[in-house]
>>> print(open('protein12.txt').read())   # compact mmCIF, C-alpha atoms and all ligand atoms
# COMPACT_ATOMS: atom_id res chain seq x y z
CA MET R 1 0.00 0.00 0.00
CA ALA R 2 1.29 3.47 -0.91
CA ALA R 3 2.03 5.76 2.02
CA GLU R 4 -0.66 8.33 2.64
CA LYS R 5 -0.91 11.49 4.71
CA LYS R 6 -3.45 11.71 7.51
CA HIS R 7 -4.39 14.57 9.79
CA PHE R 8 -5.62 14.20 13.37
CA VAL R 9 -6.50 16.46 16.27
CA CYS R 10 -5.25 14.76 19.42
CA VAL R 11 -8.00 14.50 22.05
CA VAL R 12 -5.82 13.06 24.81
CA CYS R 13 -5.52 16.45 26.54
CA PRO R 14 -7.16 19.88 26.13
CA ILE R 15 -4.24 21.32 24.11
CA GLY R 16 -5.58 19.53 21.03
CA CYS R 17 -2.39 19.29 18.97
CA GLU R 18 -2.89 19.02 15.22
CA ILE R 19 -0.89 16.03 14.03
CA ASP R 20 0.21 15.13 10.51
CA VAL R 21 0.99 11.48 9.99
CA VAL R 22 2.39 9.54 7.06
CA TYR R 23 1.10 5.96 7.22
CA ASP R 24 1.85 3.08 4.87
CA GLY R 25 -1.06 0.88 5.90
CA SER R 26 0.83 -0.98 8.59
CA GLU R 27 3.41 1.41 10.03
CA ILE R 28 3.65 5.08 10.91
CA ILE R 29 6.43 6.52 8.74
CA SER R 30 6.42 9.97 10.33
CA MET R 31 4.42 12.04 12.80
CA GLU R 32 4.60 15.83 13.23
CA GLY R 33 2.79 18.41 15.34
CA ASN R 34 2.39 16.42 18.54
CA LYS R 35 3.82 18.08 21.63
CA CYS R 36 4.25 14.82 23.56
CA GLU R 37 4.41 11.04 23.17
CA LYS R 38 0.95 10.42 24.65
CA SER R 39 -0.49 11.02 21.21
CA GLU R 40 1.18 7.94 19.71
CA GLU R 41 -1.30 5.45 21.12
CA PHE R 42 -4.17 7.76 20.19
CA VAL R 43 -2.95 8.02 16.58
CA ARG R 44 -2.41 4.26 16.31
CA GLN R 45 -5.95 3.63 17.56
CA GLU R 46 -7.34 6.24 15.14
CA LEU R 47 -5.60 4.47 12.28
CA ILE R 48 -6.94 1.00 13.10
CA GLY R 49 -10.34 1.95 14.57
CA PRO R 50 -11.30 5.17 16.36
CA MET R 51 -12.67 4.85 19.91
CA ARG R 52 -14.87 7.46 21.59
CA ILE R 53 -17.21 8.02 24.52
CA LEU R 54 -20.77 8.09 23.17
CA THR R 55 -22.86 10.90 24.67
CA THR R 56 -26.55 11.18 23.91
CA THR R 57 -29.97 11.24 25.58
CA VAL R 58 -32.65 8.63 26.21
CA ARG R 59 -36.33 9.10 26.89
CA ILE R 60 -37.64 9.26 30.43
CA GLN R 61 -41.18 9.26 31.81
CA GLY R 62 -42.44 10.86 35.00
CA SER R 63 -39.87 13.64 35.10
CA ARG R 64 -39.97 17.35 34.29
CA LEU R 65 -38.02 16.81 31.03
CA PRO R 66 -38.73 14.17 28.36
CA VAL R 67 -35.09 13.04 27.96
CA ILE R 68 -32.10 12.44 30.22
CA PRO R 69 -28.42 12.79 29.21
CA VAL R 70 -26.37 9.58 29.18
CA ARG R 71 -22.95 8.38 28.07
CA THR R 72 -20.93 5.20 27.78
CA ASP R 73 -18.76 4.51 30.81
CA LYS R 74 -15.75 3.87 28.56
CA SER R 75 -14.67 4.43 24.98
CA VAL R 76 -16.31 2.26 22.35
CA PRO R 77 -15.62 1.81 18.62
CA LYS R 78 -16.94 4.89 16.82
CA ARG R 79 -18.19 2.71 13.95
CA LEU R 80 -20.76 1.20 16.38
CA PHE R 81 -22.35 4.59 17.23
CA PRO R 82 -25.26 4.27 14.75
CA ARG R 83 -26.20 0.79 16.05
CA MET R 84 -25.89 1.95 19.66
CA MET R 85 -28.08 4.99 18.98
CA LYS R 86 -30.69 2.72 17.38
CA GLN R 87 -30.69 0.49 20.48
CA LEU R 88 -30.88 3.47 22.86
CA ARG R 89 -33.86 4.93 21.00
CA ARG R 90 -35.89 1.91 22.22
CA ILE R 91 -35.23 2.71 25.90
CA LYS R 92 -37.78 4.61 27.99
CA LEU R 93 -36.74 5.10 31.62
CA GLN R 94 -38.97 5.81 34.59
CA ALA R 95 -38.04 8.66 36.94
CA PRO R 96 -36.41 8.90 39.37
CA VAL R 97 -32.99 8.17 37.88
CA ASN R 98 -29.79 9.08 39.72
CA MET R 99 -26.58 10.35 38.18
CA LEU R 100 -24.28 7.38 37.31
CA ASP R 101 -27.17 4.88 37.37
CA VAL R 102 -26.60 2.20 34.73
CA VAL R 103 -29.42 2.43 32.22
CA ALA R 104 -28.14 -0.25 29.78
CA ARG R 105 -25.47 -2.91 30.31
CA ASP R 106 -22.81 -4.23 27.94
CA VAL R 107 -24.17 -2.41 24.92
CA LEU R 108 -23.59 -4.42 21.72
CA HIS R 109 -21.25 -6.69 23.72
CA THR R 110 -18.61 -3.96 23.97
CA GLY R 111 -18.34 -4.29 27.74
CA ALA R 112 -19.48 -0.66 28.02
CA ASN R 113 -22.49 0.37 30.06
CA ILE R 114 -24.69 3.39 29.43
CA ILE R 115 -24.87 5.61 32.51
CA ALA R 116 -26.99 8.64 33.37
CA THR R 117 -25.03 11.88 33.63
CA ARG R 118 -27.57 13.74 35.76
CA THR R 119 -30.21 13.03 38.36
CA MET R 120 -33.81 13.41 37.31
CA LEU R 121 -36.43 13.29 40.03
CA ARG R 122 -40.02 12.15 39.75
CA GLU R 123 -42.40 15.08 39.27
S1 LIG E 201 0.07 15.44 21.69
FE1 LIG E 201 0.31 15.54 23.92
S2 LIG E 201 0.16 17.73 24.37
FE2 LIG E 201 -0.70 17.45 22.31
S3 LIG E 201 -2.93 17.15 22.63
FE3 LIG E 201 -1.98 15.11 22.58
S4 LIG E 201 -1.57 14.62 24.72
FE4 LIG E 201 -1.90 16.84 24.61
>>> encode(input="protein12.txt", output="C-alpha cells")
Amino acid sequence: MAAEKKHFVCVVCPIGCEIDVVYDGSEIISMEGNKCEKSEEFVRQELIGPMRILTTTVRIQGSRLPVIPVRTDKSVPKRLFPRMMKQLRRIKLQAPVNMLDVVARDVLHTGANIIATRTMLRE
C-alpha cells in the first residue's frame, strides 16, 4: 500500500495538537505536530479503529423533562455509534434516575455500560 498522509487532532488532553501522519497501511512513517508522546497510542488507535465516549440522551417518563443525558462509561468503537443509537432509541426510563445509574449494560457486547449523567427526580 502506498504511504498516505493523515491529519488528526489529538484528544488526549485539552491542548488539542494538530498532528500530521504519514502511514503506509501498517506502520507510521512519520508524525509531526504532537507536543508529547501520549499522542502515539491515540494516533495508532485512530488508524486501526477510532474509539470514543458516546454521549446522547434517552427518553424518560415521570420527570420534568422528556429526555435524560447519558454516556458510555468507557470508549467504544466509533463505527458502532449508529447501532448503539438505534438500540438506545428503544429505551424509555422511569423517573427517578440518579446520576451514574446504569441504564443499559454491555451495549452491543462492547463491555461498556450506558450511565446517566444527571439526576432526574419524579415530578
Ligand atoms: S500530543 Fe500531547 S500535548 Fe498534544 S494534545 Fe496530545 S496529549 Fe496533549
>>> residues_around(input="protein12.txt", residues="Ser26 of chain R", least_positions_apart="2", cutoff="10 Å", atoms="all atoms listed in the file", output="list in words")
Met1, Ala3, Tyr23, Asp24, Ile28, Ile29, Arg44, Leu47 and Ile48 of chain R
>>> closest_atom_pairs(input="protein12.txt", of="chain R", to="ligand LIG 201 (chain E)", cutoff="7 Å", atoms="only C-alpha atoms and all ligand atoms", output="Markdown table")
| residue | atom | partner | partner_atom | distance |
| --- | --- | --- | --- | --- |
| R:Cys10 | CA | E:LIG201 | FE3 | 4.6 |
| R:Val11 | CA | E:LIG201 | S3 | 5.8 |
| R:Val12 | CA | E:LIG201 | S4 | 4.5 |
| R:Cys13 | CA | E:LIG201 | FE4 | 4.1 |
| R:Pro14 | CA | E:LIG201 | S3 | 6.1 |
| R:Ile15 | CA | E:LIG201 | S3 | 4.6 |
| R:Gly16 | CA | E:LIG201 | S3 | 3.9 |
| R:Cys17 | CA | E:LIG201 | FE2 | 4.2 |
| R:Asn34 | CA | E:LIG201 | S1 | 4.0 |
| R:Lys35 | CA | E:LIG201 | S2 | 4.6 |
| R:Cys36 | CA | E:LIG201 | FE1 | 4.0 |
| R:Glu37 | CA | E:LIG201 | FE1 | 6.1 |
| R:Lys38 | CA | E:LIG201 | S4 | 4.9 |
| R:Ser39 | CA | E:LIG201 | S1 | 4.5 |
>>> atom_distance(input="protein12.txt", atom1="atom CA of Glu27 of chain R", atom2="atom CA of Leu54 of chain R")
28.3 Å
>>> atom_distance(input="protein12.txt", atom1="atom CA of Ile114 of chain R", atom2="atom CA of Ser63 of chain R")
19.2 Å
>>> atom_distance(input="protein12.txt", atom1="atom CA of Lys92 of chain R", atom2="atom CA of Pro77 of chain R")
24.2 Å
>>> residues_around(input="protein12.txt", residues="Lys78 of chain R", least_positions_apart="6", cutoff="10 Å", atoms="all atoms listed in the file", output="PyMOL selection string")
chain R and resi 46+49-54+84
